[in-house]
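Heads up, target-v2.cif below (mmCIF, C-alpha atoms):
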```
data_input
#
loop_
_atom_site.label_atom_id
_atom_site.label_comp_id
_atom_site.auth_asym_id
_atom_site.auth_seq_id
_atom_site.Cartn_x
_atom_site.Cartn_y
_atom_site.Cartn_z
CA MET A 1 48.00 34.10 102.51
CA ASN A 2 48.79 35.43 105.95
CA PRO A 3 45.86 35.80 108.38
CA TYR A 4 45.60 39.57 107.86
CA GLU A 5 45.26 39.24 104.10
CA GLN A 6 43.01 36.21 104.44
CA HIS A 7 40.62 37.99 106.79
CA VAL A 8 40.42 41.07 104.62
CA PHE A 9 39.65 39.01 101.51
CA ASP A 10 37.12 37.03 103.57
CA ALA A 11 35.30 40.29 104.30
CA ILE A 12 35.54 41.58 100.73
CA TYR A 13 34.28 38.30 99.24
CA GLY A 14 31.85 37.70 102.10
CA ARG A 15 30.07 41.02 101.63
CA ARG A 16 26.88 40.02 99.85
CA SER A 17 23.60 41.87 99.53
CA ILE A 18 21.44 40.59 102.38
CA ARG A 19 17.70 41.06 102.00
CA ALA A 20 16.39 39.13 105.03
CA TYR A 21 17.29 40.11 108.58
CA ARG A 22 16.75 38.64 112.02
CA GLU A 23 14.00 40.37 113.91
CA ASP A 24 15.06 39.01 117.30
CA ARG A 25 18.41 40.75 117.38
CA GLU A 26 19.18 44.45 117.47
CA VAL A 27 22.39 45.97 116.18
CA GLU A 28 24.49 47.16 119.11
CA HIS A 29 25.03 50.93 119.31
CA GLU A 30 28.78 50.32 119.49
CA LYS A 31 28.68 48.51 116.15
CA ILE A 32 26.78 51.38 114.54
CA ILE A 33 29.50 53.78 115.69
CA LYS A 34 32.13 51.43 114.27
CA LEU A 35 30.33 51.39 110.93
CA LEU A 36 30.49 55.19 110.92
CA ARG A 37 34.15 55.14 111.90
CA ALA A 38 34.85 52.80 108.99
CA GLY A 39 32.85 55.02 106.63
CA MET A 40 34.75 58.13 107.63
CA ALA A 41 38.07 56.37 107.06
CA ALA A 42 37.34 56.42 103.33
CA PRO A 43 39.49 58.44 100.98
CA SER A 44 38.14 61.82 99.99
CA ALA A 45 39.21 64.05 97.10
CA CYS A 46 41.41 66.81 98.56
CA ASN A 47 40.32 65.43 101.95
CA ILE A 48 37.13 67.46 101.85
CA GLN A 49 35.01 64.73 103.50
CA PRO A 50 31.80 65.95 101.86
CA TRP A 51 29.64 63.37 103.64
CA GLU A 52 26.94 63.27 106.25
CA PHE A 53 25.24 60.22 107.68
CA ILE A 54 21.65 59.90 108.85
CA VAL A 55 21.31 56.88 111.11
CA ILE A 56 17.78 55.54 111.52
CA THR A 57 17.18 53.06 114.31
CA ASP A 58 13.75 54.03 115.60
CA PRO A 59 11.51 51.17 114.41
CA GLU A 60 8.72 53.44 113.21
CA ALA A 61 11.13 55.67 111.32
CA VAL A 62 12.79 52.60 109.81
CA SER A 63 9.37 51.34 108.67
CA ARG A 64 8.57 54.67 107.06
CA VAL A 65 11.82 54.68 105.07
CA ARG A 66 11.25 51.08 104.05
CA ALA A 67 7.71 51.91 102.92
CA GLY A 68 9.13 54.86 101.00
CA ILE A 69 11.36 52.54 98.92
CA PRO A 70 8.78 49.89 98.02
CA ARG A 71 10.46 48.46 94.95
CA TYR A 72 14.09 48.13 95.95
CA GLY A 73 14.04 48.64 99.69
CA ASP A 74 11.30 46.49 101.17
CA TYR A 75 13.57 44.53 103.52
CA ASN A 76 13.28 44.13 107.29
CA ALA A 77 16.62 45.57 108.39
CA PRO A 78 16.62 47.23 111.83
CA VAL A 79 19.18 49.94 110.97
CA ILE A 80 19.28 52.25 107.97
CA ILE A 81 22.08 54.68 107.22
CA VAL A 82 21.48 57.29 104.55
CA VAL A 83 24.71 58.75 103.21
CA CYS A 84 24.42 62.30 101.92
CA GLY A 85 26.79 64.52 99.97
CA VAL A 86 27.20 68.19 100.83
CA PRO A 87 28.02 69.99 97.58
CA GLU A 88 28.69 73.33 99.29
CA PHE A 89 31.85 71.86 100.82
CA ILE A 90 33.28 71.16 97.37
CA PRO A 91 35.18 74.00 95.72
CA TRP A 92 34.77 72.73 92.16
CA GLU A 93 31.62 72.55 90.06
CA GLY A 94 29.10 69.82 89.59
CA ASP A 95 30.21 67.29 92.17
CA ALA A 96 28.16 66.20 95.16
CA GLY A 97 31.02 64.07 96.41
CA ILE A 98 29.54 60.88 95.06
CA ALA A 99 32.88 59.06 94.78
CA ASP A 100 33.83 59.83 98.36
CA CYS A 101 30.40 58.86 99.65
CA CYS A 102 30.46 55.59 97.69
CA ALA A 103 33.88 54.77 99.15
CA ALA A 104 32.49 55.48 102.61
CA ILE A 105 29.52 53.19 101.94
CA GLU A 106 31.77 50.38 100.69
CA ASN A 107 33.91 50.71 103.83
CA MET A 108 30.77 50.38 105.95
CA LEU A 109 29.66 47.27 104.06
CA ILE A 110 33.01 45.58 104.54
CA ALA A 111 33.18 46.58 108.20
CA ALA A 112 29.64 45.23 108.68
CA THR A 113 30.65 41.89 107.19
CA ALA A 114 33.59 41.65 109.58
CA MET A 115 31.27 42.36 112.53
CA GLY A 116 28.83 39.61 111.52
CA LEU A 117 26.25 42.03 110.12
CA GLY A 118 24.49 41.78 106.81
CA SER A 119 23.91 44.80 104.62
CA VAL A 120 22.43 45.93 101.35
CA TRP A 121 23.17 49.14 99.46
CA ILE A 122 20.11 50.61 97.81
CA GLY A 123 20.74 53.07 95.03
CA GLY A 124 17.25 53.29 93.58
CA PHE A 125 14.99 55.49 95.70
CA ASP A 126 12.69 58.49 95.31
CA THR A 127 14.88 61.43 96.37
CA PRO A 128 12.07 63.97 97.07
CA ALA A 129 10.18 61.40 99.15
CA LEU A 130 13.31 60.57 101.13
CA ARG A 131 14.05 64.28 101.67
CA GLU A 132 10.59 64.75 103.11
CA LEU A 133 10.75 61.68 105.35
CA LEU A 134 14.13 62.59 106.80
CA ASP A 135 13.99 66.42 106.70
CA ILE A 136 16.98 66.55 104.34
CA PRO A 137 17.42 70.19 103.27
CA GLU A 138 17.79 71.11 99.59
CA PRO A 139 21.57 71.70 99.44
CA VAL A 140 22.27 68.24 100.87
CA VAL A 141 21.99 65.29 98.48
CA PRO A 142 21.04 61.78 99.63
CA LEU A 143 23.30 59.51 97.58
CA GLY A 144 22.88 56.06 99.04
CA VAL A 145 20.64 54.18 101.45
CA VAL A 146 22.20 51.28 103.30
CA TYR A 147 20.41 48.66 105.39
CA PHE A 148 22.16 46.81 108.21
CA GLY A 149 21.21 44.01 110.58
CA TYR A 150 21.98 40.48 111.60
CA PRO A 151 21.39 38.30 108.54
CA ALA A 152 18.57 35.78 108.29
CA GLU A 153 19.89 34.43 105.01
CA ARG A 154 23.25 33.06 104.10
CA LYS A 155 25.08 33.72 100.87
CA GLU A 156 28.38 32.25 99.81
CA PRO A 157 31.43 34.50 99.54
CA ARG A 158 32.37 35.26 95.96
CA THR A 159 34.11 37.45 93.48
CA GLN A 160 32.58 38.03 90.08
CA TYR A 161 36.07 38.35 88.56
CA LEU A 162 35.84 38.24 84.81
CA GLU A 163 38.96 38.13 82.68
CA GLU A 164 37.07 39.78 79.82
CA ALA A 165 36.64 42.92 81.93
CA VAL A 166 40.40 43.39 82.16
CA HIS A 167 42.53 45.18 79.58
CA TRP A 168 46.31 45.32 79.68
CA GLN A 169 48.33 48.48 78.93
CA THR A 170 45.61 49.99 76.70
CA TYR A 171 41.91 49.43 76.08
CA ASP A 172 41.48 46.60 73.62
CA ASP A 173 38.45 47.58 71.57
CA GLU A 174 39.22 45.02 68.87
CA ARG A 175 38.06 42.04 70.83
CA GLY A 176 34.47 43.30 70.87
CA ARG A 177 32.41 44.29 73.84
CA ARG A 178 31.58 41.44 76.22
CA PRO A 179 27.86 40.75 76.54
CA ARG A 180 25.99 42.55 79.28
CA PRO A 181 26.69 40.60 82.47
CA GLY A 182 24.03 38.59 84.26
CA SER A 183 21.55 41.11 85.50
CA LEU A 184 18.97 41.00 88.21
CA ILE A 185 16.50 42.72 85.90
CA ASP A 186 14.04 40.46 84.13
CA PRO A 187 14.45 41.31 80.43
CA GLU A 188 10.73 41.00 79.73
CA SER A 189 9.03 42.62 82.69
CA GLY A 190 11.81 45.01 83.69
CA ASP A 191 11.29 43.83 87.28
CA LEU A 192 14.04 43.13 89.73
CA VAL A 193 14.66 39.41 90.03
CA ILE A 194 16.18 38.29 93.31
CA MET B 1 37.65 42.60 118.81
CA ASN B 2 38.25 39.18 117.32
CA PRO B 3 41.17 38.84 114.90
CA TYR B 4 38.90 38.86 111.82
CA GLU B 5 37.29 42.15 112.80
CA GLN B 6 40.61 43.59 113.96
CA HIS B 7 42.34 42.79 110.68
CA VAL B 8 39.54 44.25 108.59
CA PHE B 9 39.52 47.48 110.58
CA ASP B 10 43.33 47.54 110.35
CA ALA B 11 43.00 47.53 106.56
CA ILE B 12 40.19 50.10 106.49
CA TYR B 13 42.06 52.47 108.82
CA GLY B 14 45.45 51.62 107.31
CA ARG B 15 44.40 52.57 103.80
CA ARG B 16 46.02 55.95 103.32
CA SER B 17 46.83 57.82 100.13
CA ILE B 18 50.43 56.94 99.34
CA ARG B 19 52.27 59.30 97.04
CA ALA B 20 55.82 57.87 97.16
CA TYR B 21 56.61 54.35 96.01
CA ARG B 22 59.61 52.07 96.11
CA GLU B 23 61.37 51.86 92.77
CA ASP B 24 63.29 48.70 93.64
CA ARG B 25 60.27 46.48 94.02
CA GLU B 26 57.73 45.45 91.42
CA VAL B 27 54.18 44.46 92.21
CA GLU B 28 53.77 40.72 91.68
CA HIS B 29 51.39 39.72 88.87
CA GLU B 30 49.49 37.53 91.33
CA LYS B 31 48.80 40.55 93.54
CA ILE B 32 47.48 42.52 90.58
CA ILE B 33 45.03 39.71 89.83
CA LYS B 34 43.98 39.68 93.47
CA LEU B 35 43.34 43.43 93.33
CA LEU B 36 41.06 42.82 90.35
CA ARG B 37 39.33 39.93 92.12
CA ALA B 38 38.67 42.23 95.08
CA GLY B 39 37.39 44.97 92.77
CA MET B 40 34.97 42.64 91.03
CA ALA B 41 33.60 41.45 94.37
CA ALA B 42 32.02 44.89 94.82
CA PRO B 43 28.27 45.30 94.91
CA SER B 44 26.66 46.39 91.69
CA ALA B 45 23.17 47.80 91.14
CA CYS B 46 21.02 44.97 89.74
CA ASN B 47 24.29 43.05 89.48
CA ILE B 48 25.07 44.67 86.14
CA GLN B 49 28.82 44.91 86.81
CA PRO B 50 29.27 47.91 84.51
CA TRP B 51 33.01 48.06 85.01
CA GLU B 52 36.16 47.49 83.00
CA PHE B 53 39.73 47.72 84.24
CA ILE B 54 42.76 48.87 82.29
CA VAL B 55 45.91 47.66 84.01
CA ILE B 56 49.08 49.52 83.09
CA THR B 57 52.37 47.95 84.10
CA ASP B 58 54.64 48.73 81.18
CA PRO B 59 57.03 51.36 82.58
CA GLU B 60 56.83 53.59 79.52
CA ALA B 61 53.05 53.46 79.46
CA VAL B 62 52.96 54.15 83.20
CA SER B 63 55.18 57.20 82.66
CA ARG B 64 52.92 58.50 79.91
CA VAL B 65 49.83 58.26 82.13
CA ARG B 66 51.69 59.91 84.96
CA ALA B 67 52.81 62.73 82.68
CA GLY B 68 49.20 63.06 81.52
CA ILE B 69 48.03 63.80 85.08
CA PRO B 70 50.66 66.39 86.04
CA ARG B 71 48.78 68.10 88.85
CA TYR B 72 47.25 65.27 90.83
CA GLY B 73 49.01 62.20 89.51
CA ASP B 74 52.73 62.86 89.41
CA TYR B 75 53.70 59.93 91.65
CA ASN B 76 56.13 57.11 90.92
CA ALA B 77 53.81 54.11 91.28
CA PRO B 78 54.71 51.09 89.12
CA VAL B 79 51.12 49.97 88.50
CA ILE B 80 48.13 52.01 87.40
CA ILE B 81 44.60 50.68 87.13
CA VAL B 82 42.05 52.82 85.32
CA VAL B 83 38.48 51.86 86.19
CA CYS B 84 35.96 52.57 83.47
CA GLY B 85 32.16 52.49 83.41
CA VAL B 86 30.29 51.04 80.45
CA PRO B 87 27.01 52.96 80.21
CA GLU B 88 25.61 50.71 77.46
CA PHE B 89 25.30 47.89 79.97
CA ILE B 90 22.96 49.96 82.12
CA PRO B 91 19.26 49.83 81.24
CA TRP B 92 18.34 53.12 82.89
CA GLU B 93 19.27 56.64 81.84
CA GLY B 94 22.14 58.84 82.83
CA ASP B 95 24.28 56.48 84.86
CA ALA B 96 27.77 55.37 83.93
CA GLY B 97 27.88 53.02 86.89
CA ILE B 98 29.90 55.41 88.99
CA ALA B 99 28.70 53.99 92.34
CA ASP B 100 29.59 50.42 91.37
CA CYS B 101 32.98 51.49 90.01
CA CYS B 102 33.75 53.49 93.16
CA ALA B 103 32.87 50.48 95.30
CA ALA B 104 35.19 48.37 93.16
CA ILE B 105 37.97 50.92 93.59
CA GLU B 106 37.52 51.05 97.35
CA ASN B 107 37.67 47.25 97.49
CA MET B 108 40.95 47.36 95.57
CA LEU B 109 42.39 49.97 97.94
CA ILE B 110 41.54 47.90 101.00
CA ALA B 111 42.83 44.70 99.41
CA ALA B 112 46.04 46.52 98.49
CA THR B 113 46.54 47.61 102.08
CA ALA B 114 46.12 44.03 103.28
CA MET B 115 48.75 42.87 100.77
CA GLY B 116 51.28 45.46 101.91
CA LEU B 117 50.76 47.72 98.92
CA GLY B 118 50.22 51.45 98.96
CA SER B 119 47.68 53.12 96.73
CA VAL B 120 46.23 56.47 95.79
CA TRP B 121 42.90 57.11 94.05
CA ILE B 122 43.09 59.98 91.60
CA GLY B 123 39.80 61.53 90.60
CA GLY B 124 41.09 64.68 88.90
CA PHE B 125 42.35 63.93 85.39
CA ASP B 126 41.89 65.12 81.83
CA THR B 127 39.42 62.62 80.37
CA PRO B 128 40.08 63.30 76.65
CA ALA B 129 43.84 63.05 77.21
CA LEU B 130 43.43 59.78 79.09
CA ARG B 131 41.15 58.40 76.36
CA GLU B 132 43.79 59.14 73.78
CA LEU B 133 46.65 57.68 75.80
CA LEU B 134 44.81 54.43 76.55
CA ASP B 135 42.66 54.06 73.40
CA ILE B 136 39.46 54.25 75.45
CA PRO B 137 36.54 54.37 73.00
CA GLU B 138 33.81 57.00 73.33
CA PRO B 139 31.06 54.90 74.92
CA VAL B 140 33.34 53.81 77.75
CA VAL B 141 33.93 56.33 80.57
CA PRO B 142 37.14 56.43 82.63
CA LEU B 143 35.92 57.12 86.17
CA GLY B 144 38.93 56.64 88.38
CA VAL B 145 42.68 56.24 88.13
CA VAL B 146 44.36 54.26 90.87
CA TYR B 147 48.07 53.96 91.54
CA PHE B 148 49.55 50.93 93.30
CA GLY B 149 53.02 49.94 94.48
CA TYR B 150 55.10 49.17 97.52
CA PRO B 151 55.07 52.29 99.68
CA ALA B 152 58.13 54.45 100.28
CA GLU B 153 56.33 56.55 102.86
CA ARG B 154 54.51 55.55 105.99
CA LYS B 155 51.27 57.04 107.21
CA GLU B 156 49.48 56.23 110.41
CA PRO B 157 46.15 54.38 110.30
CA ARG B 158 43.21 56.64 111.06
CA THR B 159 39.55 57.36 110.79
CA GLN B 160 38.34 60.88 110.31
CA TYR B 161 35.19 60.10 112.30
CA LEU B 162 33.38 63.28 113.16
CA GLU B 163 30.36 63.22 115.40
CA GLU B 164 29.06 66.41 113.75
CA ALA B 165 28.67 64.51 110.48
CA VAL B 166 26.18 62.10 112.05
CA HIS B 167 22.44 62.74 112.35
CA TRP B 168 20.07 60.47 114.24
CA GLN B 169 16.63 59.49 112.94
CA THR B 170 16.25 62.63 110.79
CA TYR B 171 18.54 65.32 109.42
CA ASP B 172 19.10 67.96 112.06
CA ASP B 173 19.32 71.20 110.14
CA GLU B 174 18.86 73.33 113.25
CA ARG B 175 22.34 72.82 114.58
CA GLY B 176 23.86 74.63 111.62
CA ARG B 177 26.17 73.26 109.00
CA ARG B 178 29.60 72.21 110.30
CA PRO B 179 32.49 74.18 108.80
CA ARG B 180 34.09 72.74 105.69
CA PRO B 181 36.50 70.05 106.87
CA GLY B 182 40.24 70.41 106.65
CA SER B 183 41.05 70.44 103.00
CA LEU B 184 44.17 69.73 101.05
CA ILE B 185 43.50 72.78 98.90
CA ASP B 186 45.36 75.93 99.81
CA PRO B 187 42.65 78.56 100.23
CA GLU B 188 44.77 81.28 98.64
CA SER B 189 46.48 79.62 95.70
CA GLY B 190 43.91 76.90 95.03
CA ASP B 191 46.82 74.45 94.86
CA LEU B 192 46.82 70.99 96.32
CA VAL B 193 48.77 70.92 99.57
CA ILE B 194 50.19 67.56 100.53
#
```
In structure tokens, write the structure found in this file.
Amino acid sequence: MNPYEQHVFDAIYGRRSIRAYREDREVEHEKIIKLLRAGMAAPSACNIQPWEFIVITDPEAVSRVRAGIPRYGDYNAPVIIVVCGVPEFIPWEGDAGIADCCAAIENMLIAATAMGLGSVWIGGFDTPALRELLDIPEPVVPLGVVYFGYPAERKEPRTQYLEEAVHWQTYDDERGRRPRPGSLIDPESGDLVI
Amino acid sequence: MNPYEQHVFDAIYGRRSIRAYREDREVEHEKIIKLLRAGMAAPSACNIQPWEFIVITDPEAVSRVRAGIPRYGDYNAPVIIVVCGVPEFIPWEGDAGIADCCAAIENMLIAATAMGLGSVWIGGFDTPALRELLDIPEPVVPLGVVYFGYPAERKEPRTQYLEEAVHWQTYDDERGRRPRPGSLIDPESGDLVI
């Protein structure tokens, strides 16, 4: 692989969900702007760019958001970016721009990795509580909450490539559905296992 | 920027929707596998990995899919990957894994860019027609169709960073909603303008 390709795969494989952050190191403002620049380089259906970003860096505000996501978001990251969809921008029905916003989030995660930052994408949160905390008005939809900071844990790069998840030419339903992949949910308690 | 960061931003900014492909150059099998490896390195809620990938390389099958997406997918790419969500893997209600699948798609697009491939993510397609063409069974949901190939057009790298799409600490609803961003839909005809 040439260095360009190697570096890009390093970032894609190196992006892991980081749940412990250094408390002695802030994220530079310039890096936050670069995260946003990466996010807004994402593809967007008909180039509508139906996204908005709420960046939370004030420590008290960060703590409040963290406290508002007790089950899946109780991590000590210094920066939180909430990505919202704006349905009124979209001229077709029933779409809050989730695909575009998810692409923007994934871009931010990969950019973070390349800048030495850790990140974790939190999809499970209480939408009304988050609206209230961040003054998000009704027509805007918070779609993803992303934590960023310098990592205080190290995880190995990886892909979870699985040949059984790949079909060639058409969907092969004959071979039977693969078992549900390794989950972070404890089958007995229903709790998240990390 | 160090070379790692520079290369990753090159790929994020260089990923543009390519709608014209070289017909004299096939995509190497090894590169297709690497696209899939990048896709399956995406984050996944509770690590459920609710995705499946249908890779279409047979020229006749590719033509049929292309003909099945006449409005938004009539491009001459030699490889099509359809990313599907498998709701039965997901232990909570009403989620086909769209966020995870979109993250996987975005990873593939960025990896493609780094390998010199062009790509375009097509979100607007006729689901029942696609099911029939590719034998996709009812419980599996096609979420995105992605075209890959060596590009026959060149587009400049870019971000569409917009300061007005960024809020700090809380959502600032006072400043008024920004106008709908430049769209690829003709306001009069409703047609896609490329």
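Atom to atom, atom CA of B:Leu36 and atom CA of B:Ala103 stand 12.3 Å apart.
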Report task. Apply the PyMOL selection byres ((chain A) within 6 of (chain B)) to the structure shown and report the selected residues as a PyMOL selection string. Result -> chain A and resi 4-5+7-8+13+37+40-41+46-48+52-56+89+99+102-103+106+114+134-136+159-161+165-171+180-181+183-184
Report task. Have a look at A:Gly94, A:Gly73, A:Gly85, A:Pro78 and name the one nearest to A:Gly149; count only C-alpha atoms. Result -> A:Pro78
Query raised in the report: Counting only C-alpha atoms, which of A:Thr127, A:Asn76, A:Ser63, A:Ser119 gets nearest to A:Tyr21?
Result: A:Asn76
Query raised in the report: Is there a way to get, as a VMD selection string, all residues within 7 Å of the point (19.1, 41.7, 106.1) in file coordinates, counting only C-alpha atoms?
Result: chain A and resid 18 to 21 75 to 77 118 to 119 148 to 152
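Interatomic distance, atom CA of A:Arg64 to atom CA of A:Leu130: 9.6 Å.
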Let me know the centre plus edge lengths, in Å and rounded to one decimal, of a box with edges along x, y and z that contains all listed atoms of stretch 15-34 of chain B and is padded by 5 Å on every side, as JSON.
```
{"center_x": 53.6, "center_y": 48.4, "center_z": 96.3, "size_x": 29.3, "size_y": 31.8, "size_z": 24.9}
```
Query raised in the report: From the list B:Glu138, B:Glu174, B:Asp126, B:Glu28, which residue is nearest B:Gly68 when using only C-alpha atoms?
Result: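 Among the listed residues, B:Asp126 lies closest to B:Gly68.
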